[in-house]
file run-v8.pdb (PDB, C-alpha atoms, pLDDT in the B column)
ATOM      1  CA  MET V   1      30.174  86.647 292.823  1.00 40.00           C
ATOM      2  CA  ALA V   2      29.478  90.184 291.613  1.00 42.00           C
ATOM      3  CA  GLY V   3      31.837  91.542 294.297  1.00 42.00           C
ATOM      4  CA  VAL V   4      34.660  89.295 293.075  1.00 40.00           C
ATOM      5  CA  GLN V   5      34.067  90.364 289.478  1.00 38.00           C
ATOM      6  CA  ALA V   6      34.100  94.055 290.492  1.00 38.00           C
ATOM      7  CA  ALA V   7      37.414  93.552 292.288  1.00 36.00           C
ATOM      8  CA  GLU V   8      38.902  91.913 289.199  1.00 36.00           C
ATOM      9  CA  GLU V   9      37.815  94.840 287.030  1.00 37.00           C
ATOM     10  CA  ILE V  10      39.783  97.304 289.171  1.00 37.00           C
ATOM     11  CA  ASP V  11      43.222  97.746 287.649  1.00 40.00           C
ATOM     12  CA  CYS V  12      45.474  97.162 290.642  1.00 41.00           C
ATOM     13  CA  ASP V  13      48.701  97.054 288.638  1.00 43.00           C
ATOM     14  CA  MET V  14      48.764 100.660 287.515  1.00 46.00           C
ATOM     15  CA  PRO V  15      48.939 103.530 289.979  1.00 59.00           C
ATOM     16  CA  ALA V  16      46.868 105.595 287.527  1.00 62.00           C
ATOM     17  CA  PRO V  17      43.213 104.967 286.725  1.00 61.00           C
ATOM     18  CA  ALA V  18      42.708 102.553 283.824  1.00 63.00           C
ATOM     19  CA  GLY V  19      43.174 104.266 280.476  1.00 64.00           C
ATOM     20  CA  LYS V  20      44.996 107.282 281.918  1.00 75.00           C
ATOM     21  CA  LEU V  21      48.693 108.105 282.153  1.00 80.00           C
ATOM     22  CA  THR V  22      48.576 109.229 285.769  1.00 84.00           C
ATOM     23  CA  SER V  23      46.428 110.566 288.578  1.00 86.00           C
ATOM     24  CA  VAL V  24      46.410 113.754 290.635  1.00 87.00           C
ATOM     25  CA  PRO V  25      47.839 112.084 293.776  1.00 88.00           C
ATOM     26  CA  GLU V  26      50.626 110.539 291.705  1.00 88.00           C
ATOM     27  CA  ILE V  27      51.480 113.904 290.113  1.00 91.00           C
ATOM     28  CA  ALA V  28      51.480 115.453 293.597  1.00 92.00           C
ATOM     29  CA  ALA V  29      53.875 112.745 294.826  1.00 92.00           C
ATOM     30  CA  TYR V  30      56.120 113.297 291.797  1.00 92.00           C
ATOM     31  CA  VAL V  31      56.173 117.088 292.227  1.00 93.00           C
ATOM     32  CA  LEU V  32      56.886 116.878 295.971  1.00 95.00           C
ATOM     33  CA  ALA V  33      59.662 114.321 295.481  1.00 95.00           C
ATOM     34  CA  HIS V  34      61.267 116.373 292.729  1.00 93.00           C
ATOM     35  CA  ALA V  35      60.912 119.547 294.781  1.00 94.00           C
ATOM     36  CA  ALA V  36      63.033 117.812 297.439  1.00 95.00           C
ATOM     37  CA  GLY V  37      65.614 116.913 294.778  1.00 93.00           C
ATOM     38  CA  PHE V  38      65.516 120.462 293.437  1.00 91.00           C
ATOM     39  CA  ALA V  39      66.021 121.873 296.949  1.00 93.00           C
ATOM     40  CA  TRP V  40      69.046 119.573 297.367  1.00 93.00           C
ATOM     41  CA  GLY V  41      70.391 120.796 294.033  1.00 88.00           C
ATOM     42  CA  LEU V  42      70.039 124.445 295.026  1.00 88.00           C
ATOM     43  CA  THR V  43      71.463 124.132 298.528  1.00 93.00           C
ATOM     44  CA  VAL V  44      73.832 121.191 298.944  1.00 93.00           C
ATOM     45  CA  ASN V  45      75.299 120.718 295.463  1.00 90.00           C
ATOM     46  CA  PRO V  46      76.846 124.229 295.295  1.00 90.00           C
ATOM     47  CA  MET V  47      78.588 123.627 298.630  1.00 93.00           C
ATOM     48  CA  ILE V  48      79.986 120.324 297.365  1.00 93.00           C
ATOM     49  CA  PHE V  49      81.130 121.876 294.087  1.00 91.00           C
ATOM     50  CA  ARG V  50      82.773 124.882 295.780  1.00 93.00           C
ATOM     51  CA  SER V  51      84.623 122.577 298.146  1.00 94.00           C
ATOM     52  CA  LEU V  52      85.857 120.370 295.288  1.00 92.00           C
ATOM     53  CA  ILE V  53      86.990 123.359 293.232  1.00 92.00           C
ATOM     54  CA  ALA V  54      88.773 124.854 296.252  1.00 93.00           C
ATOM     55  CA  GLN V  55      90.621 121.557 296.703  1.00 93.00           C
ATOM     56  CA  GLY V  56      91.726 121.568 293.059  1.00 91.00           C
ATOM     57  CA  TYR V  57      89.369 118.896 291.695  1.00 89.00           C
ATOM     58  CA  ARG V  58      87.978 121.034 288.838  1.00 89.00           C
ATOM     59  CA  ASP V  59      88.893 118.360 286.254  1.00 90.00           C
ATOM     60  CA  HIS V  60      86.704 115.780 287.990  1.00 87.00           C
ATOM     61  CA  LEU V  61      83.707 118.034 288.488  1.00 89.00           C
ATOM     62  CA  MET V  62      81.595 116.598 285.624  1.00 89.00           C
ATOM     63  CA  LEU V  63      81.988 113.064 287.008  1.00 92.00           C
ATOM     64  CA  VAL V  64      80.876 114.302 290.428  1.00 91.00           C
ATOM     65  CA  VAL V  65      77.913 116.099 288.844  1.00 90.00           C
ATOM     66  CA  ILE V  66      76.798 112.920 287.079  1.00 92.00           C
ATOM     67  CA  ALA V  67      77.337 110.777 290.197  1.00 93.00           C
ATOM     68  CA  LEU V  68      75.345 113.240 292.329  1.00 93.00           C
ATOM     69  CA  SER V  69      72.592 113.332 289.703  1.00 92.00           C
ATOM     70  CA  ILE V  70      72.302 109.551 289.759  1.00 94.00           C
ATOM     71  CA  ALA V  71      72.294 109.448 293.572  1.00 94.00           C
ATOM     72  CA  VAL V  72      69.698 112.225 293.862  1.00 94.00           C
ATOM     73  CA  SER V  73      67.536 110.552 291.197  1.00 93.00           C
ATOM     74  CA  ALA V  74      67.578 107.306 293.202  1.00 93.00           C
ATOM     75  CA  VAL V  75      66.604 109.122 296.409  1.00 95.00           C
ATOM     76  CA  VAL V  76      63.892 111.085 294.580  1.00 94.00           C
ATOM     77  CA  LEU V  77      62.553 107.773 293.206  1.00 93.00           C
ATOM     78  CA  LEU V  78      62.275 106.368 296.725  1.00 94.00           C
ATOM     79  CA  ILE V  79      60.582 109.540 297.992  1.00 94.00           C
ATOM     80  CA  PHE V  80      58.197 109.459 295.015  1.00 93.00           C
ATOM     81  CA  LEU V  81      57.297 105.804 295.581  1.00 90.00           C
ATOM     82  CA  LEU V  82      56.742 106.333 299.308  1.00 92.00           C
ATOM     83  CA  LEU V  83      54.628 109.454 298.778  1.00 92.00           C
ATOM     84  CA  ARG V  84      52.629 107.718 296.061  1.00 88.00           C
ATOM     85  CA  LYS V  85      51.992 104.784 298.400  1.00 87.00           C
ATOM     86  CA  LEU V  86      50.881 107.169 301.155  1.00 88.00           C
ATOM     87  CA  MET V  87      48.617 109.086 298.779  1.00 84.00           C
ATOM     88  CA  ALA V  88      47.169 105.973 297.125  1.00 76.00           C
ATOM     89  CA  GLY V  89      43.434 106.075 297.085  1.00 62.00           C
ATOM     90  CA  SER V  90      43.169 109.715 298.137  1.00 57.00           C
ATOM     91  CA  GLY V  91      40.380 111.257 296.125  1.00 57.00           C
ATOM     92  CA  ALA V  92      39.217 107.899 294.769  1.00 58.00           C
ATOM     93  CA  PRO V  93      35.750 106.667 295.636  1.00 63.00           C
ATOM     94  CA  PRO V  94      35.833 103.807 298.145  1.00 64.00           C
ATOM     95  CA  PRO V  95      35.118 100.334 296.754  1.00 65.00           C
ATOM     96  CA  PRO V  96      31.769  98.728 297.574  1.00 71.00           C
ATOM     97  CA  ALA V  97      31.537  97.262 301.077  1.00 72.00           C
ATOM     98  CA  ASN V  98      31.428  93.675 299.825  1.00 77.00           C
ATOM     99  CA  VAL V  99      34.616  94.115 297.738  1.00 71.00           C
ATOM    100  CA  PRO V 100      38.019  94.125 299.391  1.00 72.00           C
ATOM    101  CA  PRO V 101      40.040  97.246 298.549  1.00 64.00           C
ATOM    102  CA  PRO V 102      42.527  96.680 295.740  1.00 60.00           C
ATOM    103  CA  ALA V 103      46.130  96.227 296.774  1.00 62.00           C
ATOM    104  CA  VAL V 104      48.299  99.136 295.721  1.00 59.00           C
ATOM    105  CA  LYS V 105      51.660  97.998 294.448  1.00 70.00           C
ATOM    106  CA  PHE V 106      54.827  99.737 295.544  1.00 75.00           C
ATOM    107  CA  THR V 107      56.487  99.358 292.128  1.00 80.00           C
ATOM    108  CA  ASP V 108      57.631  96.786 289.599  1.00 83.00           C
ATOM    109  CA  LEU V 109      60.575  96.242 287.272  1.00 85.00           C
ATOM    110  CA  PRO V 110      59.008  97.834 284.155  1.00 87.00           C
ATOM    111  CA  GLU V 111      58.157 100.957 286.161  1.00 88.00           C
ATOM    112  CA  ILE V 112      61.688 101.153 287.594  1.00 90.00           C
ATOM    113  CA  ALA V 113      63.086 100.700 284.069  1.00 91.00           C
ATOM    114  CA  ALA V 114      60.874 103.514 282.759  1.00 92.00           C
ATOM    115  CA  TYR V 115      62.013 105.774 285.601  1.00 93.00           C
ATOM    116  CA  VAL V 116      65.703 104.961 285.056  1.00 93.00           C
ATOM    117  CA  LEU V 117      65.509 105.530 281.293  1.00 95.00           C
ATOM    118  CA  ALA V 118      63.603 108.794 281.674  1.00 95.00           C
ATOM    119  CA  HIS V 119      66.040 110.104 284.263  1.00 95.00           C
ATOM    120  CA  ALA V 120      69.030 108.928 282.218  1.00 95.00           C
ATOM    121  CA  ALA V 121      67.722 111.157 279.416  1.00 96.00           C
ATOM    122  CA  GLY V 122      67.430 114.073 281.856  1.00 94.00           C
ATOM    123  CA  ILE V 123      70.927 113.488 283.239  1.00 94.00           C
ATOM    124  CA  ALA V 124      72.339 113.261 279.704  1.00 95.00           C
ATOM    125  CA  TRP V 125      70.632 116.555 278.806  1.00 95.00           C
ATOM    126  CA  ASN V 126      72.032 118.219 281.911  1.00 91.00           C
ATOM    127  CA  ALA V 127      75.535 116.853 281.275  1.00 91.00           C
ATOM    128  CA  ILE V 128      75.669 117.750 277.576  1.00 94.00           C
ATOM    129  CA  VAL V 129      73.257 120.534 276.633  1.00 95.00           C
ATOM    130  CA  THR V 130      72.953 122.617 279.801  1.00 93.00           C
ATOM    131  CA  PRO V 131      76.707 123.412 279.989  1.00 93.00           C
ATOM    132  CA  LEU V 132      76.598 124.537 276.348  1.00 95.00           C
ATOM    133  CA  ILE V 133      73.718 126.881 277.117  1.00 96.00           C
ATOM    134  CA  PHE V 134      75.511 128.279 280.171  1.00 95.00           C
ATOM    135  CA  ARG V 135      78.804 128.734 278.265  1.00 95.00           C
ATOM    136  CA  SER V 136      76.960 130.573 275.514  1.00 96.00           C
ATOM    137  CA  LEU V 137      75.291 132.902 278.007  1.00 96.00           C
ATOM    138  CA  ILE V 138      78.611 133.593 279.744  1.00 95.00           C
ATOM    139  CA  GLU V 139      80.403 134.267 276.433  1.00 96.00           C
ATOM    140  CA  GLN V 140      77.662 136.703 275.423  1.00 96.00           C
ATOM    141  CA  GLY V 141      78.005 138.552 278.735  1.00 96.00           C
ATOM    142  CA  HIS V 142      74.696 137.399 280.229  1.00 95.00           C
ATOM    143  CA  ARG V 143      76.080 135.916 283.448  1.00 94.00           C
ATOM    144  CA  ILE V 144      73.249 137.564 285.424  1.00 95.00           C
ATOM    145  CA  LEU V 145      70.748 135.305 283.628  1.00 95.00           C
ATOM    146  CA  LEU V 146      72.381 132.045 284.761  1.00 93.00           C
ATOM    147  CA  PRO V 147      70.295 131.464 287.940  1.00 92.00           C
ATOM    148  CA  GLY V 148      66.971 132.124 286.201  1.00 94.00           C
ATOM    149  CA  VAL V 149      67.909 130.089 283.143  1.00 95.00           C
ATOM    150  CA  GLY V 150      69.145 127.276 285.421  1.00 91.00           C
ATOM    151  CA  ILE V 151      65.848 127.154 287.322  1.00 91.00           C
ATOM    152  CA  ALA V 152      63.816 127.339 284.097  1.00 94.00           C
ATOM    153  CA  LEU V 153      65.889 124.520 282.564  1.00 94.00           C
ATOM    154  CA  SER V 154      65.520 122.380 285.693  1.00 91.00           C
ATOM    155  CA  ILE V 155      61.746 122.754 285.725  1.00 91.00           C
ATOM    156  CA  THR V 156      61.479 122.146 281.973  1.00 94.00           C
ATOM    157  CA  VAL V 157      63.697 119.056 282.082  1.00 94.00           C
ATOM    158  CA  SER V 158      61.718 117.733 285.088  1.00 92.00           C
ATOM    159  CA  ILE V 159      58.452 118.058 283.160  1.00 93.00           C
ATOM    160  CA  ILE V 160      59.934 116.385 280.084  1.00 95.00           C
ATOM    161  CA  VAL V 161      61.392 113.580 282.238  1.00 94.00           C
ATOM    162  CA  LEU V 162      57.956 113.103 283.834  1.00 93.00           C
ATOM    163  CA  LEU V 163      56.318 112.795 280.415  1.00 94.00           C
ATOM    164  CA  ILE V 164      58.993 110.349 279.200  1.00 95.00           C
ATOM    165  CA  PHE V 165      58.514 108.312 282.392  1.00 93.00           C
ATOM    166  CA  LEU V 166      54.720 108.222 282.065  1.00 92.00           C
ATOM    167  CA  PHE V 167      54.771 107.194 278.402  1.00 92.00           C
ATOM    168  CA  LEU V 168      57.497 104.575 278.950  1.00 92.00           C
ATOM    169  CA  ARG V 169      55.628 103.193 281.959  1.00 89.00           C
ATOM    170  CA  LYS V 170      52.433 102.957 279.956  1.00 88.00           C
ATOM    171  CA  ALA V 171      54.306 101.278 277.070  1.00 88.00           C
ATOM    172  CA  THR V 172      55.892  98.722 279.414  1.00 84.00           C
ATOM    173  CA  ALA V 173      52.829  98.156 281.618  1.00 77.00           C
ATOM    174  CA  GLY V 174      51.951  94.795 280.065  1.00 69.00           C
ATOM    175  CA  LEU V 175      55.495  93.451 279.889  1.00 66.00           C
ATOM    176  CA  GLY V 176      56.336  90.522 282.126  1.00 60.00           C
ATOM    177  CA  LYS V 177      52.712  89.549 282.755  1.00 62.00           C
ATOM    178  CA  PRO V 178      51.425  86.156 281.678  1.00 55.00           C
ATOM    179  CA  ALA V 179      49.067  86.332 278.704  1.00 49.00           C
TER
END
call {"tool": "encode", "arguments": {"input": "run-v8.pdb", "output": "structure tokens"}}
result
Amino acid sequence: MAGVQAAEEIDCDMPAPAGKLTSVPEIAAYVLAHAAGFAWGLTVNPMIFRSLIAQGYRDHLMLVVIALSIAVSAVVLLIFLLLRKLMAGSGAPPPPANVPPPAVKFTDLPEIAAYVLAHAAGIAWNAIVTPLIFRSLIEQGHRILLPGVGIALSITVSIIVLLIFLFLRKATAGLGKPA
């Protein structure tokens, strides 16, 4: 009976240890997944944008940027979830031999909602504020700073989106569960 009680005390619903926002393996999965999205943004997006501009679609560029951001965010979510699943339990002490290992969930609706809301905030920032910053730099003659400022903004927004996601996930963790 003690083994059953110990298994019930393990919080299987949260990918992070009980009482914490996240864990090291989860942060590693998040960073690796977002690094893949960042690499896409640095390599593929410019080719797409140049091609669209060359074809005369400059007026539709912001819609394409937002659509690509949503698509990349969805792919990054899948990569994050898969990496988190693969890394689950790494670094954690094994459960006692008489207790079955806790099942690690892939995800749930509140977690997906937290991810979508956090990334919607990041996409909104990148669609509204980032162009204003870039225009200001260009108008002031600081075009050379654009790549560095772009990378710094991307990293900063990624960190802020992560924090929004973690806090929203923690706030919604109990939703939808029977009392």
call {"tool": "resolve_selection", "arguments": {"input": "run-v8.pdb", "expression": "the PyMOL selection byres ((chain V and resi 161) around 9)", "output": "list in words"}}
result
Tyr115, Ala118, His119, Ala120, Ala121, Gly122, Thr156, Val157, Ser158, Ile159, Ile160, Leu162, Leu163, Ile164, Phe165 and Leu166 of chain V
call {"tool": "closest_residue", "arguments": {"input": "run-v8.pdb", "among": "V:Gln140, V:Thr130, V:Asn45, V:Ser51", "to": "Val65 in chain V", "atoms": "all atoms listed in the file"}}
result
V:Asn45
call {"tool": "closest_residue", "arguments": {"input": "run-v8.pdb", "among": "V:Val64, V:Ile79, V:Ala152, V:Ala39", "to": "Glu26 in chain V", "atoms": "all atoms listed in the file"}}
result
V:Ile79
call {"tool": "axis_aligned_box", "arguments": {"input": "run-v8.pdb", "around": "range 71-81 of chain V", "padding_each_side": "5 Å", "output": "JSON"}}
result
{"center_x": 64.8, "center_y": 109.0, "center_z": 294.6, "size_x": 25.0, "size_y": 16.4, "size_z": 16.8}
call {"tool": "atom_distance", "arguments": {"input": "run-v8.pdb", "atom1": "CA of Leu168 in chain V", "atom2": "CA of Ala114 in chain V"}}
result
5.2 Å
call {"tool": "closest_residue", "arguments": {"input": "run-v8.pdb", "among": "V:Met62, V:Leu77, V:Val116, V:Ile53", "to": "Ala33 in chain V", "atoms": "all atoms listed in the file"}}
result
V:Leu77
call {"tool": "atom_distance", "arguments": {"input": "run-v8.pdb", "atom1": "CA of Leu21 in chain V", "atom2": "CA of Ala127 in chain V"}}
result
28.2 Å
call {"tool": "atom_distance", "arguments": {"input": "run-v8.pdb", "atom1": "CA of Phe167 in chain V", "atom2": "CA of Ile112 in chain V"}}
result
13.0 Å
call {"tool": "closest_residue", "arguments": {"input": "run-v8.pdb", "among": "V:Tyr30, V:Ala113, V:Ser23, V:Phe38", "to": "Ile151 in chain V", "atoms": "all atoms listed in the file"}}
result
V:Phe38
call {"tool": "resolve_selection", "arguments": {"input": "run-v8.pdb", "expression": "the PyMOL selection byres ((chain V and resi 81) around 10)", "output": "ChimeraX atom specification"}}
result
/V:26,29-30,33,75-80,82-87,105-107
call {"tool": "closest_residue", "arguments": {"input": "run-v8.pdb", "among": "V:Ala54, V:Ile138, V:Ile133, V:Ala124", "to": "Ser69 in chain V", "atoms": "only C-alpha atoms"}}
result
V:Ala124
call {"tool": "residues_around", "arguments": {"input": "run-v8.pdb", "residues": "Val149 in chain V", "least_positions_apart": "5", "cutoff": "10 Å", "atoms": "all atoms listed in the file", "output": "ChimeraX atom specification"}}
result
/V:130,133-134,137,144,154-155
